[in-house]
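Remarks on the structure that follows.
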Amino acid sequence: MKNILFLLFLLTAASACQPSVREADTREMFNAEGLRVITSFANTQQQTMSVLYGNESASAAALSGYQTHLPGEIFRLVVYKQTDNRLWYGSHINGALLSVETITSGDQLNYKLEKGHVSGDNTSASDRIAYIFSHKPSVFP
Amino acid sequence: MQLSHRTIRRSSIVIGIFTLFVIAIQFIGKRVENPPVTAPLKAPAEVAEILRRACYDCHSNETKLTWYDNIAPVSWLISSDVAEARSRFNFSTWDTLSPADQQGRLWEMVNMVQNGKMPLATYIAAHPAAKLTAKDLAVLKKYVTDGSPSKYHDTAVINQADKEFHSFQKTNTADLVAANGVKYIPDYQSWQVISTTNRFDNHSIRVVYANPIAVKAIQANNIHPFPEGSAVVKVVWNSIEEQNGDITPGSLNSVQIMIKDNKRFADSKGWGYAKFNGINLKPYGSTPMFNTTCYNCHKAASENDYLFNLPLPKSGLK
């Protein structure tokens, strides 16, 4: 056992010494650029997993039930494809990024699909704003 | 080559001494004993057969040893494995666990088998029948899944979440610390989210954050092991599930932490664990020993330096 461990150690050490990382092994994470999580949700039938982010004023608007909006709010919804967690039967984890949508507030609410595409029947800007604002903020300690 | 008389005499002395030694050690060391079976696991025949075949020799009081298992020094190894295995969970005293803990253990078993950690490789080598097939694993998976059904529109979770939501207030986190010395991290919400998960074993939904050291390590796949100072925070909510597949966060379940501090947590591969329960963030575990229970289950993810929720590598994205 000790010998096997030592061999494994040597192998890992050897691979760690190689200068470049295989591109395929690198991992990307969505960079929310300072926005904070308002809530997260999922749908196992559509196999999607989503995170809604916002800046401080967006979070405040969310806490008030999205009733009133002040200029300067930024909401960003990131939707991923659901995958199985290979290391734990019993857990889903986010896979490939499907879409990024942003709502900003000025004189009015502006909607923009930044990346990917949104599936379903109701994909107009007002439909998406209503959908995004249907999500209550999570209880954070 | 001719062996001289001298060589032959020498080797017979060596063999003689060795034989005496093997005989002598048979009288020392612990033997496995079988205490009474008080509250055995009750499972469908198909499931019980698998567990009996592959796990009962170690994780029950019905250990059946073969003749060579009884010979020292093999018997010493076996008896220490059995003692360790029974201390973790024991099918013969199964009812001493709460129903929730029983269910949690069963999911852990499925995953230790799936990830090739159990039964122990040394045991399979001597007992080939204990190696579980894909079909065996499928039977176990179905058993645990059937035992943890979704409760749609769970009003208990919904009402509690409403209560917490309306009294949405910042808990005073200044002095929060777990029994092993790992402190609560108040500003984790400014960190980057590395993954989001939901679970159908314990019906919860999660967001996982990492500090800049850990994020950098993950991006570069420099995680074998994670660098000193890495930290990961996971926020867990009890989920509200609906028949149309919707899963949303309900009441706060816990905030869980892993920090890499190689000196302080040398016994758990450098990771210090902490868990703060409920909206009041009550530290879990009354002694530092709780750290080991976290580590033991996280061994199922040893290939990723004990982290389950790494974002998928580019090659794994579809």
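Each chain of the structure tokens is named A, B, ... in the order shown, its residues numbered from 1; ligands are numbered from 1 in display order.
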
Next on the checklist: Show me, as a count of residues only, the residues of chain B whose atoms get within 8 Å of chain A, using only C-alpha atoms for the distance check.
Outcome noted: 55

Item to check | For Tyr68 (chain B): contacts at 12 Å, only C-alpha atoms, fewer than 2 positions along chain excluded, given as a PyMOL selection string | outcome: chain B and resi 26+64-66+70-78+126-127

Find the residues near Ser134 (chain A): any atom within 10 Å, counting only C-alpha atoms, skip ones fewer than 4 places away on the same chain, and give them as a PDB file with all heavy atoms, in the first residue's frame.
```
ATOM      1  N   ALA A  62     -35.089  43.383  -4.937  1.00  0.00           N
ATOM      2  CA  ALA A  62     -35.582  42.004  -4.840  1.00  0.00           C
ATOM      3  C   ALA A  62     -36.196  41.755  -3.465  1.00  0.00           C
ATOM      4  O   ALA A  62     -37.253  41.135  -3.339  1.00  0.00           O
ATOM      5  CB  ALA A  62     -34.446  41.025  -5.105  1.00  0.00           C
ATOM      6  N   GLY A  65     -39.645  42.721  -2.948  1.00  0.00           N
ATOM      7  CA  GLY A  65     -40.615  42.045  -3.804  1.00  0.00           C
ATOM      8  C   GLY A  65     -40.653  42.620  -5.209  1.00  0.00           C
ATOM      9  O   GLY A  65     -41.657  42.488  -5.902  1.00  0.00           O
ATOM     10  N   TYR A  66     -39.594  43.257  -5.658  1.00  0.00           N
ATOM     11  CA  TYR A  66     -39.467  43.842  -7.003  1.00  0.00           C
ATOM     12  C   TYR A  66     -40.570  44.881  -7.266  1.00  0.00           C
ATOM     13  O   TYR A  66     -40.988  45.086  -8.408  1.00  0.00           O
ATOM     14  CB  TYR A  66     -39.522  42.757  -8.095  1.00  0.00           C
ATOM     15  CG  TYR A  66     -38.525  41.634  -7.935  1.00  0.00           C
ATOM     16  CD1 TYR A  66     -38.884  40.456  -7.293  1.00  0.00           C
ATOM     17  CD2 TYR A  66     -37.234  41.745  -8.438  1.00  0.00           C
ATOM     18  CE1 TYR A  66     -37.985  39.408  -7.150  1.00  0.00           C
ATOM     19  CE2 TYR A  66     -36.317  40.702  -8.304  1.00  0.00           C
ATOM     20  CZ  TYR A  66     -36.704  39.531  -7.656  1.00  0.00           C
ATOM     21  OH  TYR A  66     -35.815  38.500  -7.524  1.00  0.00           O
ATOM     22  N   ARG A 128     -39.606  37.742 -20.049  1.00  0.00           N
ATOM     23  CA  ARG A 128     -38.402  37.348 -19.309  1.00  0.00           C
ATOM     24  C   ARG A 128     -38.247  38.177 -18.039  1.00  0.00           C
ATOM     25  O   ARG A 128     -37.841  37.663 -17.001  1.00  0.00           O
ATOM     26  CB  ARG A 128     -37.148  37.486 -20.191  1.00  0.00           C
ATOM     27  CG  ARG A 128     -37.082  36.497 -21.339  1.00  0.00           C
ATOM     28  CD  ARG A 128     -37.223  35.060 -20.920  1.00  0.00           C
ATOM     29  NE  ARG A 128     -36.099  34.558 -20.136  1.00  0.00           N
ATOM     30  CZ  ARG A 128     -36.081  33.381 -19.520  1.00  0.00           C
ATOM     31  NH1 ARG A 128     -37.135  32.582 -19.578  1.00  0.00           N
ATOM     32  NH2 ARG A 128     -35.025  33.003 -18.825  1.00  0.00           N
ATOM     33  N   ILE A 129     -38.571  39.460 -18.106  1.00  0.00           N
ATOM     34  CA  ILE A 129     -38.482  40.296 -16.899  1.00  0.00           C
ATOM     35  C   ILE A 129     -39.448  39.756 -15.843  1.00  0.00           C
ATOM     36  O   ILE A 129     -39.080  39.568 -14.678  1.00  0.00           O
ATOM     37  CB  ILE A 129     -38.787  41.777 -17.239  1.00  0.00           C
ATOM     38  CG1 ILE A 129     -37.652  42.351 -18.100  1.00  0.00           C
ATOM     39  CG2 ILE A 129     -38.933  42.597 -15.949  1.00  0.00           C
ATOM     40  CD1 ILE A 129     -37.887  43.783 -18.563  1.00  0.00           C
ATOM     41  N   ALA A 130     -40.671  39.439 -16.280  1.00  0.00           N
ATOM     42  CA  ALA A 130     -41.659  38.922 -15.322  1.00  0.00           C
ATOM     43  C   ALA A 130     -41.175  37.600 -14.726  1.00  0.00           C
ATOM     44  O   ALA A 130     -41.296  37.361 -13.520  1.00  0.00           O
ATOM     45  CB  ALA A 130     -43.000  38.736 -16.018  1.00  0.00           C
TER      46      ALA A 130
END
```

Checklist entry - Just asking: which residues within region 25-229 of chain B are helix (DSSP H, G or I) according to DSSP, as JSON, numbers by chain? => result {"B": [25, 45, 46, 47, 48, 49, 50, 51, 52, 53, 54, 56, 57, 58, 59, 67, 68, 69, 70, 74, 75, 76, 77, 78, 79, 80, 81, 82, 83, 84, 85, 86, 87, 88, 94, 95, 96, 99, 100, 101, 102, 103, 104, 105, 106, 107, 108, 109, 110, 111, 112, 113, 114, 121, 122, 123, 124, 125, 126, 128, 129, 130, 134, 135, 136, 137, 138, 139, 140, 141, 142, 143, 144, 145, 146, 147, 155, 156, 157, 158, 159, 160, 161, 162, 163, 164, 165, 166, 188, 189, 190, 212, 213, 214, 215, 216, 217, 218, 219]}

Checklist entry - Can you list every residue in region 176-239 of chain B that DSSP puts in strand (DSSP E or B), as a ChimeraX atom specification? => result /B:177,183,192-199,204-210,231-239

Suppose we keep N, CA and C atoms; can you now write the selection as a CSV table (one decimal), in the first residue's frame?
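Writing the result to result.csv gives the following:
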```csv
chain,number,residue,atom,x,y,z
B,177,VAL,N,-17.6,30.2,15.8
B,177,VAL,CA,-16.4,29.4,15.5
B,177,VAL,C,-16.8,27.9,15.8
B,183,LYS,N,-13.3,29.3,11.9
B,183,LYS,CA,-14.2,30.4,12.1
B,183,LYS,C,-15.2,30.6,10.9
B,192,GLN,N,-16.4,34.5,-5.6
B,192,GLN,CA,-16.9,34.0,-6.8
B,192,GLN,C,-17.7,32.7,-6.6
B,193,VAL,N,-18.8,32.5,-7.3
B,193,VAL,CA,-19.5,31.2,-7.2
B,193,VAL,C,-18.8,30.2,-8.1
B,194,ILE,N,-18.5,29.1,-7.6
B,194,ILE,CA,-17.8,28.1,-8.5
B,194,ILE,C,-18.8,27.0,-9.0
B,195,SER,N,-19.9,26.8,-8.3
B,195,SER,CA,-20.9,25.9,-8.8
B,195,SER,C,-22.2,26.0,-8.1
B,196,THR,N,-23.3,25.5,-8.6
B,196,THR,CA,-24.5,25.4,-8.0
B,196,THR,C,-25.0,24.0,-8.1
B,197,THR,N,-25.6,23.5,-7.0
B,197,THR,CA,-26.0,22.1,-7.1
B,197,THR,C,-27.4,21.9,-6.4
B,198,ASN,N,-28.0,20.8,-6.7
B,198,ASN,CA,-29.2,20.4,-6.0
B,198,ASN,C,-29.2,18.9,-5.8
B,199,ARG,N,-29.8,18.4,-4.7
B,199,ARG,CA,-29.6,17.0,-4.4
B,199,ARG,C,-31.0,16.4,-4.2
B,204,SER,N,-32.2,19.2,-1.2
B,204,SER,CA,-31.7,20.6,-0.9
B,204,SER,C,-31.1,21.2,-2.1
B,205,ILE,N,-30.9,22.5,-2.0
B,205,ILE,CA,-30.3,23.2,-3.2
B,205,ILE,C,-29.2,24.1,-2.6
B,206,ARG,N,-28.1,24.2,-3.4
B,206,ARG,CA,-26.9,24.8,-2.8
B,206,ARG,C,-26.2,25.8,-3.8
B,207,VAL,N,-25.4,26.8,-3.2
B,207,VAL,CA,-24.5,27.6,-4.0
B,207,VAL,C,-23.2,27.5,-3.3
B,208,VAL,N,-22.1,27.2,-4.1
B,208,VAL,CA,-20.8,27.0,-3.6
B,208,VAL,C,-19.9,28.2,-4.1
B,209,TYR,N,-19.2,28.8,-3.1
B,209,TYR,CA,-18.3,29.9,-3.3
B,209,TYR,C,-16.9,29.5,-3.0
B,210,ALA,N,-15.9,30.2,-3.7
B,210,ALA,CA,-14.5,29.9,-3.3
B,210,ALA,C,-13.8,31.3,-3.3
B,231,ALA,N,-10.1,28.4,0.3
B,231,ALA,CA,-11.3,28.2,1.2
B,231,ALA,C,-12.6,28.1,0.3
B,232,VAL,N,-13.5,27.3,0.7
B,232,VAL,CA,-14.7,27.0,0.0
B,232,VAL,C,-15.9,27.1,1.0
B,233,VAL,N,-16.9,27.8,0.6
B,233,VAL,CA,-18.1,28.0,1.4
B,233,VAL,C,-19.3,27.5,0.6
B,234,LYS,N,-20.1,26.7,1.2
B,234,LYS,CA,-21.3,26.1,0.6
B,234,LYS,C,-22.5,26.5,1.4
B,235,VAL,N,-23.5,27.2,0.8
B,235,VAL,CA,-24.7,27.6,1.5
B,235,VAL,C,-25.8,26.6,1.0
B,236,VAL,N,-26.5,26.0,2.0
B,236,VAL,CA,-27.5,25.0,1.7
B,236,VAL,C,-28.9,25.4,2.2
B,237,TRP,N,-29.8,25.3,1.3
B,237,TRP,CA,-31.2,25.5,1.6
B,237,TRP,C,-32.0,24.2,1.5
B,238,ASN,N,-33.0,24.1,2.3
B,238,ASN,CA,-34.0,23.0,2.1
B,238,ASN,C,-34.8,23.3,0.9
B,239,SER,N,-35.0,22.4,0.0
B,239,SER,CA,-35.6,22.8,-1.2
B,239,SER,C,-37.1,22.7,-1.2
```

Item to check | Length of the CA of Met109 (chain B) to CA of Tyr143 (chain B) vector [Å] | outcome: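 Separation between CA of Met109 (chain B) and CA of Tyr143 (chain B): 11.6 Å.
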
Next on the checklist: I want to know what sits within 10 Å of Pro40 (chain B), based on only C-alpha atoms, with residues of the same chain fewer than 6 positions away left out; could you give that as a list in words?
Outcome noted: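 Answer for this query is Ser60, Asn61, Asn90, Phe91, Ser92, Thr93, Trp94, Asp95 and Thr96 of chain B.
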
Okay, now the selection with N, CA, C and O atoms, as a PDB file, in the first residue's frame?
```pdb
ATOM      1  N   SER B  60     -20.632  -5.573  10.114  1.00  0.00           N
ATOM      2  CA  SER B  60     -21.711  -6.202  10.886  1.00  0.00           C
ATOM      3  C   SER B  60     -21.096  -7.095  11.948  1.00  0.00           C
ATOM      4  O   SER B  60     -19.872  -7.298  11.979  1.00  0.00           O
ATOM      5  N   ASN B  61     -21.951  -7.637  12.808  1.00  0.00           N
ATOM      6  CA  ASN B  61     -21.479  -8.603  13.806  1.00  0.00           C
ATOM      7  C   ASN B  61     -21.615 -10.024  13.288  1.00  0.00           C
ATOM      8  O   ASN B  61     -21.655 -10.967  14.062  1.00  0.00           O
ATOM      9  N   ASN B  90     -22.789  -0.173  11.666  1.00  0.00           N
ATOM     10  CA  ASN B  90     -22.871  -1.605  11.884  1.00  0.00           C
ATOM     11  C   ASN B  90     -24.286  -2.073  11.533  1.00  0.00           C
ATOM     12  O   ASN B  90     -25.256  -1.641  12.154  1.00  0.00           O
ATOM     13  N   PHE B  91     -24.368  -2.932  10.523  1.00  0.00           N
ATOM     14  CA  PHE B  91     -25.687  -3.400  10.080  1.00  0.00           C
ATOM     15  C   PHE B  91     -26.410  -4.188  11.171  1.00  0.00           C
ATOM     16  O   PHE B  91     -27.626  -4.336  11.127  1.00  0.00           O
ATOM     17  N   SER B  92     -25.671  -4.708  12.148  1.00  0.00           N
ATOM     18  CA  SER B  92     -26.293  -5.531  13.197  1.00  0.00           C
ATOM     19  C   SER B  92     -26.925  -4.699  14.303  1.00  0.00           C
ATOM     20  O   SER B  92     -27.700  -5.202  15.096  1.00  0.00           O
ATOM     21  N   THR B  93     -26.563  -3.424  14.348  1.00  0.00           N
ATOM     22  CA  THR B  93     -27.157  -2.532  15.359  1.00  0.00           C
ATOM     23  C   THR B  93     -27.736  -1.322  14.634  1.00  0.00           C
ATOM     24  O   THR B  93     -27.637  -0.192  15.086  1.00  0.00           O
ATOM     25  N   TRP B  94     -28.321  -1.599  13.481  1.00  0.00           N
ATOM     26  CA  TRP B  94     -28.750  -0.566  12.549  1.00  0.00           C
ATOM     27  C   TRP B  94     -29.759   0.399  13.175  1.00  0.00           C
ATOM     28  O   TRP B  94     -29.759   1.593  12.895  1.00  0.00           O
ATOM     29  N   ASP B  95     -30.633  -0.130  14.049  1.00  0.00           N
ATOM     30  CA  ASP B  95     -31.686   0.700  14.623  1.00  0.00           C
ATOM     31  C   ASP B  95     -31.165   1.725  15.625  1.00  0.00           C
ATOM     32  O   ASP B  95     -31.930   2.573  16.080  1.00  0.00           O
ATOM     33  N   THR B  96     -29.892   1.664  15.980  1.00  0.00           N
ATOM     34  CA  THR B  96     -29.368   2.700  16.870  1.00  0.00           C
ATOM     35  C   THR B  96     -29.235   4.031  16.121  1.00  0.00           C
ATOM     36  O   THR B  96     -29.061   5.071  16.738  1.00  0.00           O
TER      37      THR B  96
END
```

Checklist entry - Rounded to one decimal in Å, what is the spacing between CA of Ser57 (chain A) and CA of Gln108 (chain A)? => result 14.9 Å
